[in-house]
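Chemist: start06.txt is reproduced in full below (compact mmCIF, C-alpha atoms).
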```txt
# COMPACT_ATOMS: atom_id res chain seq x y z
CA MET Z 140 0.00 0.00 0.00
CA LEU Z 141 1.14 3.50 -0.77
CA HIS Z 142 2.29 5.42 2.27
CA ALA Z 143 0.93 8.92 2.76
CA MET Z 144 3.04 11.56 1.06
CA MET Z 145 5.18 13.47 3.53
CA LYS Z 146 6.27 17.08 3.26
CA SER Z 147 9.97 17.55 2.67
CA PRO Z 148 12.00 20.20 4.51
CA PHE Z 149 12.54 21.74 1.09
CA ALA Z 150 9.86 24.08 -0.20
CA ASN Z 151 7.20 22.62 -2.54
CA GLU Z 152 8.64 19.11 -2.40
CA THR Z 153 6.91 15.94 -1.23
CA ILE Z 154 8.28 12.49 -0.47
CA MET Z 155 6.45 9.37 -1.62
CA HIS Z 156 7.24 5.76 -0.75
CA ILE Z 157 5.65 2.38 -1.31
CA GLY Z 158 6.95 0.51 1.69
CA GLU Z 159 10.70 1.02 1.63
CA THR Z 160 10.80 2.04 -2.04
CA PHE Z 161 11.13 5.73 -2.92
CA ILE Z 162 9.03 6.88 -5.89
CA GLU Z 163 10.84 9.61 -7.79
CA ASP Z 164 9.00 12.80 -8.71
CA THR Z 165 9.59 12.35 -12.43
CA PHE Z 166 7.80 11.23 -15.59
CA ALA Z 167 8.00 8.77 -18.46
CA GLU Z 168 8.04 10.41 -21.88
CA ALA Z 169 6.17 8.45 -24.55
CA PHE Z 170 5.43 8.85 -28.25
CA ARG Z 171 2.56 8.56 -30.69
CA MET Z 172 2.70 5.28 -32.59
CA ARG Z 173 0.38 3.17 -34.75
CA TYR Z 174 -0.59 -0.39 -33.94
CA CYS Z 175 -2.31 -3.46 -35.36
CA ARG Z 176 -4.05 -6.06 -33.21
CA VAL Z 177 -3.78 -9.49 -34.81
CA ILE Z 178 -5.77 -12.50 -33.59
CA LEU Z 179 -3.91 -15.79 -34.03
CA SER Z 180 -5.49 -19.19 -33.53
CA ALA Z 181 -4.20 -22.74 -33.73
CA ALA Z 182 -5.30 -26.32 -33.12
CA ASP Z 183 -3.76 -26.36 -29.64
CA GLU Z 184 -1.54 -24.36 -27.32
CA THR Z 185 1.67 -26.01 -28.54
CA TRP Z 186 1.32 -24.55 -32.03
CA LEU Z 187 -0.20 -21.32 -30.77
CA HIS Z 188 2.83 -20.66 -28.56
CA ALA Z 189 5.16 -21.62 -31.41
CA ALA Z 190 3.48 -19.05 -33.69
CA THR Z 191 3.43 -16.23 -31.15
CA ALA Z 192 7.06 -16.79 -30.13
CA SER Z 193 8.16 -16.68 -33.75
CA VAL Z 194 6.07 -13.72 -34.94
CA THR Z 195 7.07 -11.53 -31.97
CA GLY Z 196 10.78 -12.37 -32.24
CA TYR Z 197 13.32 -9.61 -32.93
CA ALA Z 198 10.66 -6.97 -32.21
CA ALA Z 199 11.99 -5.24 -29.10
CA SER Z 200 12.62 -1.68 -30.32
CA VAL Z 201 12.02 0.23 -33.53
CA ILE Z 202 15.52 1.63 -33.07
CA GLY Z 203 16.74 -1.54 -34.75
CA CYS Z 204 13.66 -3.70 -35.46
CA ASP Z 205 10.88 -3.36 -38.04
CA SER Z 206 8.26 -3.21 -35.26
CA GLU Z 207 7.68 -3.66 -31.54
CA ALA Z 208 5.47 -6.66 -30.82
CA GLY Z 209 4.17 -8.84 -28.03
CA VAL Z 210 1.25 -10.93 -26.83
CA GLU Z 211 -1.46 -8.68 -25.41
CA ARG Z 212 -3.42 -11.59 -23.95
CA TRP Z 213 -4.26 -15.25 -24.47
CA LEU Z 214 -7.75 -16.04 -25.77
CA SER Z 215 -10.07 -18.92 -24.96
CA PRO Z 216 -11.74 -20.84 -27.82
CA GLY Z 217 -14.90 -18.85 -27.11
CA GLU Z 218 -13.08 -15.60 -27.91
CA THR Z 219 -11.65 -16.49 -31.35
CA PRO Z 220 -13.49 -16.39 -34.68
CA ASP Z 221 -12.90 -20.10 -35.37
CA GLY Z 222 -13.47 -21.43 -31.84
CA ARG Z 223 -9.87 -22.51 -31.20
CA PRO Z 224 -7.23 -21.43 -28.67
CA GLY Z 225 -5.88 -18.01 -29.60
CA ALA Z 226 -3.83 -14.95 -28.78
CA ALA Z 227 -4.15 -11.23 -29.40
CA VAL Z 228 -0.81 -9.89 -30.61
CA LEU Z 229 -0.04 -6.17 -30.84
CA PHE Z 230 2.40 -4.75 -33.40
CA PHE Z 231 3.59 -1.15 -33.01
CA GLY Z 232 5.33 1.08 -35.54
CA PHE Z 233 5.75 4.79 -36.17
CA SER Z 234 3.45 4.75 -39.21
CA ALA Z 235 0.89 2.67 -41.06
CA ASP Z 236 3.39 2.35 -43.90
CA SER Z 237 5.98 0.76 -41.62
CA LEU Z 238 3.39 -1.70 -40.30
CA ALA Z 239 2.26 -2.45 -43.87
CA LYS Z 240 5.76 -3.79 -44.52
CA ALA Z 241 6.55 -5.44 -41.20
CA VAL Z 242 3.32 -7.23 -40.28
CA PRO Z 243 2.59 -9.13 -43.55
CA ASN Z 244 6.24 -10.16 -43.70
CA ARG Z 245 6.14 -11.49 -40.13
CA ILE Z 246 2.80 -13.24 -40.62
CA GLY Z 247 3.95 -14.80 -43.88
CA GLN Z 248 7.25 -16.03 -42.54
CA CYS Z 249 6.30 -16.93 -38.97
CA VAL Z 250 2.58 -17.77 -38.87
CA MET Z 251 1.64 -19.13 -42.28
CA THR Z 252 4.60 -21.48 -41.89
CA CYS Z 253 3.41 -22.67 -38.45
CA ALA Z 254 1.23 -25.78 -38.36
CA THR Z 255 -2.58 -25.33 -38.02
CA THR Z 256 -2.62 -21.52 -37.60
CA ALA Z 257 -5.13 -18.94 -38.81
CA VAL Z 258 -5.04 -15.12 -38.67
CA PHE Z 259 -7.83 -12.59 -38.06
CA ASP Z 260 -8.09 -8.82 -37.70
CA GLY Z 261 -8.43 -7.58 -34.13
CA GLU Z 262 -9.34 -3.99 -35.12
CA PRO Z 263 -12.16 -4.56 -37.64
CA HIS Z 264 -13.69 -1.11 -37.16
CA ALA Z 265 -10.51 0.88 -37.78
CA GLU Z 266 -10.81 3.17 -40.79
CA GLU Z 267 -7.12 2.98 -41.70
CA ARG Z 268 -6.21 -0.43 -43.10
CA ILE Z 269 -3.24 -2.34 -44.48
CA ALA Z 270 -3.14 -5.39 -46.73
CA LEU Z 271 -2.49 -8.82 -45.24
CA GLY Z 272 -4.17 -11.77 -46.94
CA LYS Z 273 -4.45 -9.55 -49.99
CA HIS Z 274 -0.67 -10.05 -50.32
CA LEU Z 275 -0.20 -13.48 -48.78
CA ARG Z 276 -2.82 -15.09 -51.04
CA PHE Z 277 -0.37 -15.13 -53.93
CA PHE Z 278 1.54 -17.90 -52.17
CA GLY Z 279 -1.41 -20.09 -53.21
CA ASP Z 280 -0.15 -19.91 -56.80
CA GLY Z 281 -3.62 -19.46 -58.22
CA PHE Z 282 -5.28 -22.14 -56.09
CA GLN Z 283 -6.26 -19.70 -53.32
CA LYS Z 284 -9.92 -18.92 -52.70
CA SER Z 285 -11.69 -16.03 -50.99
CA LYS Z 286 -14.86 -15.89 -48.92
CA LEU Z 287 -16.84 -12.86 -47.74
CA ILE Z 288 -18.46 -13.23 -44.30
CA ALA Z 289 -20.38 -10.35 -42.69
CA GLY Z 290 -18.56 -7.85 -44.87
CA ARG Z 291 -15.08 -9.20 -44.02
CA ARG Z 292 -13.05 -10.99 -46.69
CA TYR Z 293 -10.90 -14.00 -45.86
CA TRP Z 294 -8.44 -15.92 -48.01
CA ARG Z 295 -7.95 -19.69 -47.94
CA VAL Z 296 -4.44 -20.55 -49.05
CA PRO Z 297 -3.74 -24.26 -49.70
CA VAL Z 298 -0.87 -25.61 -47.55
CA MET Z 299 0.40 -29.07 -46.69
CA ASP Z 300 -1.88 -29.61 -43.67
CA GLY Z 301 -5.01 -28.18 -45.36
CA GLU Z 302 -5.67 -24.44 -45.68
CA PHE Z 303 -4.19 -21.32 -44.13
CA VAL Z 304 -7.08 -18.93 -43.39
CA VAL Z 305 -6.09 -15.26 -43.25
CA GLU Z 306 -8.09 -12.04 -43.22
CA GLU Z 307 -7.61 -9.79 -46.25
CA THR Z 308 -6.77 -6.59 -44.36
CA LEU Z 309 -5.83 -5.39 -40.88
CA GLY Z 310 -7.01 -2.27 -39.09
CA VAL Z 311 -4.46 0.31 -37.95
CA ALA Z 312 -5.17 2.48 -34.91
CA LYS Z 313 -3.38 5.19 -32.93
CA GLY Z 314 -1.36 3.94 -29.96
CA ILE Z 315 1.44 5.02 -27.63
CA GLY Z 316 4.97 3.69 -27.32
CA GLY Z 317 7.60 4.26 -24.68
CA GLY Z 318 5.80 4.28 -21.35
CA ASN Z 319 8.38 3.10 -18.85
CA ILE Z 320 9.70 2.74 -15.34
CA ILE Z 321 13.29 2.36 -14.13
CA LEU Z 322 13.82 0.43 -10.90
CA GLN Z 323 17.00 0.40 -8.83
CA ALA Z 324 17.95 -2.21 -6.24
CA VAL Z 325 20.71 -3.12 -3.85
CA ASP Z 326 21.85 -6.08 -5.97
CA ALA Z 327 21.15 -7.93 -9.22
CA THR Z 328 19.04 -10.68 -7.67
CA THR Z 329 16.71 -8.22 -5.97
CA ALA Z 330 16.44 -6.07 -9.09
CA LEU Z 331 15.69 -9.03 -11.34
CA ASP Z 332 13.00 -10.35 -9.00
CA ALA Z 333 11.40 -6.90 -8.91
CA ALA Z 334 11.57 -6.55 -12.70
CA ARG Z 335 9.98 -9.96 -13.13
CA ARG Z 336 7.13 -9.01 -10.78
CA ALA Z 337 6.57 -5.81 -12.74
CA ALA Z 338 6.50 -7.58 -16.12
CA GLU Z 339 4.09 -10.21 -14.83
CA ALA Z 340 1.76 -7.53 -13.45
CA ILE Z 341 1.65 -5.81 -16.84
CA ALA Z 342 1.08 -9.09 -18.67
CA ALA Z 343 -2.20 -9.51 -16.79
CA LEU Z 344 -3.60 -6.25 -18.21
CA PRO Z 345 -5.33 -5.64 -21.57
CA GLY Z 346 -4.21 -3.09 -24.14
CA VAL Z 347 -0.48 -3.19 -23.38
CA ILE Z 348 2.68 -5.14 -24.19
CA THR Z 349 6.25 -5.14 -22.91
CA PRO Z 350 8.20 -5.80 -26.13
CA PHE Z 351 11.66 -6.50 -24.70
CA PRO Z 352 12.83 -10.03 -23.75
CA GLY Z 353 10.83 -11.21 -20.75
CA GLY Z 354 9.42 -7.68 -20.53
CA VAL Z 355 12.67 -6.38 -19.04
CA VAL Z 356 15.36 -4.08 -20.49
CA ARG Z 357 18.95 -4.40 -19.25
CA SER Z 358 20.41 -2.12 -21.96
CA GLY Z 359 18.45 1.05 -21.37
CA SER Z 360 19.33 3.68 -23.95
CA LYS Z 361 19.68 7.42 -24.35
CA VAL Z 362 19.21 9.42 -27.54
CA GLY Z 363 22.39 9.89 -29.56
CA SER Z 364 25.97 8.70 -29.24
CA ARG Z 365 29.54 9.91 -29.54
CA TYR Z 366 29.57 7.69 -32.64
CA LYS Z 367 27.74 9.62 -35.35
CA LYS Z 368 26.16 6.57 -37.02
CA LEU Z 369 24.30 5.50 -33.87
CA ARG Z 370 20.88 6.94 -33.03
CA ALA Z 371 21.00 5.61 -29.47
CA SER Z 372 23.57 4.38 -26.99
CA THR Z 373 23.82 3.00 -23.47
CA ASN Z 374 22.16 5.04 -20.74
CA ASP Z 375 25.46 5.55 -18.89
CA ALA Z 376 23.81 7.47 -16.04
CA TYR Z 377 22.29 4.17 -14.85
CA CYS Z 378 25.32 1.91 -15.39
CA PRO Z 379 26.81 0.96 -12.00
CA THR Z 380 30.24 0.22 -13.48
CA LEU Z 381 30.51 3.82 -14.75
CA ARG Z 382 30.16 5.54 -11.39
CA GLY Z 383 32.73 8.32 -11.18
CA ARG Z 384 33.27 8.38 -14.95
CA THR Z 385 29.96 9.96 -16.00
CA PRO Z 386 27.11 11.87 -14.31
CA CYS Z 387 25.21 9.28 -12.29
CA LEU Z 388 21.48 8.96 -11.58
CA LEU Z 389 21.78 5.83 -9.45
CA HIS Z 390 20.84 5.71 -5.79
CA PRO Z 391 24.08 5.63 -3.73
CA GLN Z 392 23.34 2.06 -2.58
CA ALA Z 393 22.06 0.74 -5.93
CA ASN Z 394 24.15 -1.83 -7.78
CA CYS Z 395 21.66 -2.82 -10.46
CA ALA Z 396 18.90 -1.12 -12.47
CA TYR Z 397 16.34 -2.42 -14.95
CA GLU Z 398 13.88 -0.65 -17.23
CA ILE Z 399 10.38 -1.82 -18.13
CA VAL Z 400 9.14 -0.38 -21.45
CA ILE Z 401 5.40 -0.38 -22.18
CA ASP Z 402 3.52 0.11 -25.45
CA GLY Z 403 -0.24 0.58 -25.22
CA VAL Z 404 -3.36 1.30 -27.19
CA ASP Z 405 -4.19 4.50 -25.24
CA GLU Z 406 -3.24 6.66 -22.25
CA PRO Z 407 -5.44 4.87 -19.67
CA SER Z 408 -3.87 1.54 -20.61
CA ILE Z 409 -0.34 2.89 -20.16
CA THR Z 410 -1.33 4.57 -16.88
CA ALA Z 411 -2.78 1.35 -15.48
CA ALA Z 412 0.23 -0.67 -16.59
CA MET Z 413 2.77 1.73 -15.10
CA ALA Z 414 0.90 1.84 -11.79
CA ALA Z 415 0.68 -1.96 -11.66
CA ALA Z 416 4.36 -2.28 -12.48
CA ILE Z 417 5.43 0.21 -9.81
CA ARG Z 418 3.35 -1.45 -7.12
CA ALA Z 419 4.54 -4.93 -8.09
CA ALA Z 420 8.21 -3.94 -8.26
CA ALA Z 421 8.35 -2.04 -4.97
CA GLY Z 422 9.63 -3.98 -2.00
CA PRO Z 423 12.59 -4.70 0.28
CA GLY Z 424 15.89 -3.94 -1.40
CA VAL Z 425 14.25 -1.96 -4.21
CA LEU Z 426 15.62 1.47 -3.37
CA GLN Z 427 13.76 3.68 -5.81
CA ILE Z 428 11.65 3.68 -8.94
CA GLY Z 429 11.87 6.40 -11.57
CA ALA Z 430 11.37 6.74 -15.31
CA GLY Z 431 13.16 7.77 -18.47
CA ASN Z 432 12.45 11.03 -20.26
CA TYR Z 433 14.10 13.57 -22.53
CA GLY Z 434 13.07 16.71 -20.70
CA GLY Z 435 9.65 16.65 -22.32
CA LYS Z 436 11.01 17.79 -25.69
CA LEU Z 437 10.58 14.64 -27.81
CA GLY Z 438 7.39 12.84 -26.76
CA LYS Z 439 3.93 14.37 -26.43
CA PHE Z 440 2.78 11.97 -23.68
CA HIS Z 441 4.12 12.54 -20.16
CA PHE Z 442 3.21 9.97 -17.50
CA HIS Z 443 4.15 11.41 -14.09
CA LEU Z 444 4.78 8.52 -11.71
CA ARG Z 445 3.09 10.00 -8.65
CA ALA Z 446 0.09 11.13 -10.70
CA VAL Z 447 -0.11 7.69 -12.31
CA LEU Z 448 -0.29 6.06 -8.89
CA GLY Z 449 -2.89 8.55 -7.73
CA GLU Z 450 -5.11 8.11 -10.80
CA SER Z 451 -4.86 4.36 -10.58
CA SER Z 452 -5.75 4.41 -6.89
CA LEU Z 453 -8.81 6.55 -7.54
CA ASP Z 454 -9.94 4.22 -10.32
CA SER Z 455 -9.40 1.08 -8.26
CA GLY Z 456 -10.49 2.42 -4.89
CA HIS Z 457 -7.08 1.82 -3.29
CA ALA Z 458 -5.96 4.20 -0.58
CA THR Z 459 -3.00 6.52 -1.10
```
Let me see the file written as structure tokens.

Modeler:
Amino acid sequence: MLHAMMKSPFANETIMHIGETFIEDTFAEAFRMRYCRVILSAADETWLHAATASVTGYAASVIGCDSEAGVERWLSPGETPDGRPGAAVLFFGFSADSLAKAVPNRIGQCVMTCATTAVFDGEPHAEERIALGKHLRFFGDGFQKSKLIAGRRYWRVPVMDGEFVVEETLGVAKGIGGGNIILQAVDATTALDAARRAAEAIAALPGVITPFPGGVVRSGSKVGSRYKKLRASTNDAYCPTLRGRTPCLLHPQANCAYEIVIDGVDEPSITAAMAAAIRAAAGPGVLQIGAGNYGGKLGKFHFHLRAVLGESSLDSGHAT
């Protein structure tokens, strides 16, 4: 539970803790992105997990990947169009054009190739659309067939275990990328346990993904580099081995820090995910939790940690 905020001896400053963990008075700076929600289904969970692991691979950051992707949530047979086990997967990019290249390529290479899978649009009411089955159908070499159901067109592409069913187009909607928290702990074990708790708390929520491996970032980055060809480089202010060599933002007793990056479909989703992550990560040995920003100059969305906790508490009825 969040302790009551205490007045600092310094003017206009308050102190906030969750248990022993100090919550910094700072904000996460996030950016406008576009996203697609893709519904995957398969005959059973074995092939569903194989498809989702493959299609979301190498999709951690648009700094170096064609998209940021992750499983939003797992779906029961009653929630999928074909009554089979499924998953909602979110793909984020900076534009519809970038998603129009990345998503069909990933689906074609990683899902159509996976035994028993089918693919459906998870944003059917979105006005902006990109081609999916409209492109992938050509793999059928003229034997593909289409079917129109309730105004939505599907393609049936013959494959070696029967047919690959794929929706013709995908909806593209406005989303947000780059919500984040940075946790600092006394040692690596404590930090990793806290980061795992945070990632698991986010995974339980709709409308968000944590695109990095296991939901945790060890190589947090800053904009720019001393090497001109690099757009980003290590966030040296949080590297414990660089103490004394560069300006440091680490707590004096911290020996490990991890970042949790969150992409979401809207501001309330990011707010809820950040609040859940902060509460889950806080605990003994977790010295403080902050966030990464660029002074408010690059991203239009600013998620202030203490406000996020307050808004979440009001929504959920939790005391602050």

Chemist: Can you work out the spacing between CA of Pro391 (chain Z) and CA of Arg336 (chain Z) in Å, to one decimal?

Modeler: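 One can read the CA of Pro391 (chain Z) to CA of Arg336 (chain Z) distance as 23.5 Å.
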
Chemist: Write out as an MDAnalysis selection string each polymer residue whose atoms come within 10 Å of region 165-168 of chain Z, counting all atoms listed in the file; drop sequence neighbours fewer than 3 positions from it.

Modeler: chainID Z and resid 162 316:321 400 413 428:447

Chemist: Within 7 Å of (-9.1, -6.9, -32.4), in the coordinates the file gives, what residues turn up when you count all atoms listed in the file, written out as a list in words?

Modeler: Arg176, Val177, Ile178, Asp260, Gly261, Glu262 and Pro263 of chain Z

Chemist: Residues within 12 Å of Arg418 (chain Z), please, as a PyMOL selection string. Count all atoms listed in the file; anything in the same chain fewer than 2 positions from it doesn't count.

Modeler: chain Z and resi 140-142+156-162+320+322+333-334+336-341+411-416+420-422+425+427-428+444-445+447-449+451-452+457+459

Chemist: At a cut-off of 12 Å, can you tabulate as JSON lines every residue of region 171-279 of chain Z near region 297-311 of chain Z together with its closest atom pair and the distance in Å to one decimal, using all atoms listed in the file and ordering rows by chain then number?

Modeler:
```
{"residue": "Z:Met172", "atom": "CA", "partner": "Z:Val311", "partner_atom": "CA", "distance": 10.2}
{"residue": "Z:Arg173", "atom": "CA", "partner": "Z:Val311", "partner_atom": "CA", "distance": 6.5}
{"residue": "Z:Tyr174", "atom": "CA", "partner": "Z:Val311", "partner_atom": "CA", "distance": 5.6}
{"residue": "Z:Cys175", "atom": "CA", "partner": "Z:Val311", "partner_atom": "CA", "distance": 5.1}
{"residue": "Z:Arg176", "atom": "CA", "partner": "Z:Gly310", "partner_atom": "CA", "distance": 7.6}
{"residue": "Z:Val177", "atom": "CA", "partner": "Z:Leu309", "partner_atom": "CA", "distance": 7.6}
{"residue": "Z:Ile178", "atom": "CA", "partner": "Z:Glu306", "partner_atom": "CA", "distance": 9.9}
{"residue": "Z:Leu179", "atom": "CA", "partner": "Z:Val305", "partner_atom": "CA", "distance": 9.5}
{"residue": "Z:Ser180", "atom": "CA", "partner": "Z:Val304", "partner_atom": "CA", "distance": 10.0}
{"residue": "Z:Ala181", "atom": "CA", "partner": "Z:Phe303", "partner_atom": "CA", "distance": 10.5}
{"residue": "Z:Ala182", "atom": "CA", "partner": "Z:Asp300", "partner_atom": "CA", "distance": 11.6}
{"residue": "Z:Pro220", "atom": "CA", "partner": "Z:Glu306", "partner_atom": "CA", "distance": 11.0}
{"residue": "Z:Asp221", "atom": "CA", "partner": "Z:Val304", "partner_atom": "CA", "distance": 10.0}
{"residue": "Z:Leu229", "atom": "CA", "partner": "Z:Val311", "partner_atom": "CA", "distance": 10.6}
{"residue": "Z:Phe230", "atom": "CA", "partner": "Z:Val311", "partner_atom": "CA", "distance": 9.7}
{"residue": "Z:Phe231", "atom": "CA", "partner": "Z:Val311", "partner_atom": "CA", "distance": 9.6}
{"residue": "Z:Gly232", "atom": "CA", "partner": "Z:Val311", "partner_atom": "CA", "distance": 10.1}
{"residue": "Z:Phe233", "atom": "CA", "partner": "Z:Val311", "partner_atom": "CA", "distance": 11.3}
{"residue": "Z:Ser234", "atom": "CA", "partner": "Z:Val311", "partner_atom": "CA", "distance": 9.2}
{"residue": "Z:Ala235", "atom": "CA", "partner": "Z:Val311", "partner_atom": "CA", "distance": 6.6}
{"residue": "Z:Asp236", "atom": "CA", "partner": "Z:Val311", "partner_atom": "CA", "distance": 10.1}
{"residue": "Z:Ser237", "atom": "CA", "partner": "Z:Val311", "partner_atom": "CA", "distance": 11.1}
{"residue": "Z:Leu238", "atom": "CA", "partner": "Z:Val311", "partner_atom": "CA", "distance": 8.4}
{"residue": "Z:Ala239", "atom": "CA", "partner": "Z:Leu309", "partner_atom": "CA", "distance": 9.1}
{"residue": "Z:Val242", "atom": "CA", "partner": "Z:Leu309", "partner_atom": "CA", "distance": 9.4}
{"residue": "Z:Pro243", "atom": "CA", "partner": "Z:Leu309", "partner_atom": "CA", "distance": 9.6}
{"residue": "Z:Ile246", "atom": "CA", "partner": "Z:Val305", "partner_atom": "CA", "distance": 9.5}
{"residue": "Z:Gly247", "atom": "CA", "partner": "Z:Val305", "partner_atom": "CA", "distance": 10.1}
{"residue": "Z:Val250", "atom": "CA", "partner": "Z:Phe303", "partner_atom": "CA", "distance": 9.3}
{"residue": "Z:Met251", "atom": "CA", "partner": "Z:Phe303", "partner_atom": "CA", "distance": 6.5}
{"residue": "Z:Thr252", "atom": "CA", "partner": "Z:Val298", "partner_atom": "CA", "distance": 8.9}
{"residue": "Z:Cys253", "atom": "CA", "partner": "Z:Phe303", "partner_atom": "CA", "distance": 9.6}
{"residue": "Z:Ala254", "atom": "CA", "partner": "Z:Asp300", "partner_atom": "CA", "distance": 7.2}
{"residue": "Z:Thr255", "atom": "CA", "partner": "Z:Asp300", "partner_atom": "CA", "distance": 7.1}
{"residue": "Z:Thr256", "atom": "CA", "partner": "Z:Phe303", "partner_atom": "CA", "distance": 6.7}
{"residue": "Z:Ala257", "atom": "CA", "partner": "Z:Val304", "partner_atom": "CA", "distance": 5.0}
{"residue": "Z:Val258", "atom": "CA", "partner": "Z:Val305", "partner_atom": "CA", "distance": 4.7}
{"residue": "Z:Phe259", "atom": "CA", "partner": "Z:Glu306", "partner_atom": "CA", "distance": 5.2}
{"residue": "Z:Asp260", "atom": "CA", "partner": "Z:Leu309", "partner_atom": "CA", "distance": 5.2}
{"residue": "Z:Gly261", "atom": "CA", "partner": "Z:Gly310", "partner_atom": "CA", "distance": 7.4}
{"residue": "Z:Glu262", "atom": "CA", "partner": "Z:Gly310", "partner_atom": "CA", "distance": 4.9}
{"residue": "Z:Pro263", "atom": "CA", "partner": "Z:Gly310", "partner_atom": "CA", "distance": 5.8}
{"residue": "Z:His264", "atom": "CA", "partner": "Z:Gly310", "partner_atom": "CA", "distance": 7.0}
{"residue": "Z:Ala265", "atom": "CA", "partner": "Z:Gly310", "partner_atom": "CA", "distance": 4.9}
{"residue": "Z:Glu266", "atom": "CA", "partner": "Z:Gly310", "partner_atom": "CA", "distance": 6.9}
{"residue": "Z:Glu267", "atom": "CA", "partner": "Z:Val311", "partner_atom": "CA", "distance": 5.3}
{"residue": "Z:Arg268", "atom": "CA", "partner": "Z:Gly310", "partner_atom": "CA", "distance": 4.5}
{"residue": "Z:Ile269", "atom": "CA", "partner": "Z:Leu309", "partner_atom": "CA", "distance": 5.4}
{"residue": "Z:Ala270", "atom": "CA", "partner": "Z:Thr308", "partner_atom": "CA", "distance": 4.5}
{"residue": "Z:Leu271", "atom": "CA", "partner": "Z:Thr308", "partner_atom": "CA", "distance": 4.9}
{"residue": "Z:Gly272", "atom": "CA", "partner": "Z:Glu307", "partner_atom": "CA", "distance": 4.0}
{"residue": "Z:Lys273", "atom": "CA", "partner": "Z:Glu307", "partner_atom": "CA", "distance": 4.9}
{"residue": "Z:His274", "atom": "CA", "partner": "Z:Glu307", "partner_atom": "CA", "distance": 8.0}
{"residue": "Z:Leu275", "atom": "CA", "partner": "Z:Val305", "partner_atom": "CA", "distance": 8.3}
{"residue": "Z:Arg276", "atom": "CA", "partner": "Z:Val305", "partner_atom": "CA", "distance": 8.5}
{"residue": "Z:Phe277", "atom": "CA", "partner": "Z:Pro297", "partner_atom": "CA", "distance": 10.6}
{"residue": "Z:Phe278", "atom": "CA", "partner": "Z:Pro297", "partner_atom": "CA", "distance": 8.6}
{"residue": "Z:Gly279", "atom": "CA", "partner": "Z:Pro297", "partner_atom": "CA", "distance": 5.9}
```

Chemist: Find, counting only C-alpha atoms, the residue in Z:Ile154, Z:Cys395, Z:Ala342, Z:Ala189 that gets nearest to Ser358 (chain Z).

Modeler: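 Comparing Z:Ile154, Z:Cys395, Z:Ala342, Z:Ala189 against Ser358 (chain Z), the winner is Z:Cys395.
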
Chemist: Do you know which residues lie at most 6 Å from (9.3, -7.3, -31.6), with coordinates as in the file and only C-alpha atoms counted, and could you write them as a short mmCIF file (atom, residue, chain, number, x, y, z; two decimals) with C-alpha atoms, in the frame of the given file?

Modeler:
```cif
data_model
loop_
_atom_site.label_atom_id
_atom_site.label_comp_id
_atom_site.auth_asym_id
_atom_site.auth_seq_id
_atom_site.Cartn_x
_atom_site.Cartn_y
_atom_site.Cartn_z
CA THR Z 195 7.07 -11.53 -31.97
CA GLY Z 196 10.78 -12.37 -32.24
CA TYR Z 197 13.32 -9.61 -32.93
CA ALA Z 198 10.66 -6.97 -32.21
CA ALA Z 199 11.99 -5.24 -29.10
CA SER Z 206 8.26 -3.21 -35.26
CA GLU Z 207 7.68 -3.66 -31.54
CA ALA Z 208 5.47 -6.66 -30.82
CA PRO Z 350 8.20 -5.80 -26.13
#
```

Chemist: Between CA of Val404 (chain Z) and CA of Ala343 (chain Z), what distance in Å does the model show, to one decimal?

Modeler: 15.0 Å

Chemist: Select, from Z:Pro216, Z:Gly424, Z:Gly209, Z:Gly290, the residue with the minimum atom-to-atom distance to Gly353 (chain Z), counting all atoms listed in the file.

Modeler: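 Of all the options, Z:Gly209 lies closest to Gly353 (chain Z).
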
Chemist: So which one's closest to Val210 (chain Z), Z:Asp164, Z:Asp332, Z:Asp326, Z:Asp402? Using all atoms listed in the file, please.

Modeler: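 Nearest candidate to Val210 (chain Z) out of Z:Asp164, Z:Asp332, Z:Asp326, Z:Asp402: Z:Asp402.
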
Chemist: Using only C-alpha atoms, find the one residue out of Z:Glu398, Z:Leu344, Z:Asp205, Z:Ala419 that sits nearest to Ala241 (chain Z).

Modeler: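 Residue with the minimum atom-to-atom distance to Ala241 (chain Z): Z:Asp205.
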
Chemist: What is the distance between CA of Ser408 (chain Z) and CA of Lys313 (chain Z), in Å to one decimal?

Modeler: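 Calculated distance between CA of Ser408 (chain Z) and CA of Lys313 (chain Z) is 12.9 Å.
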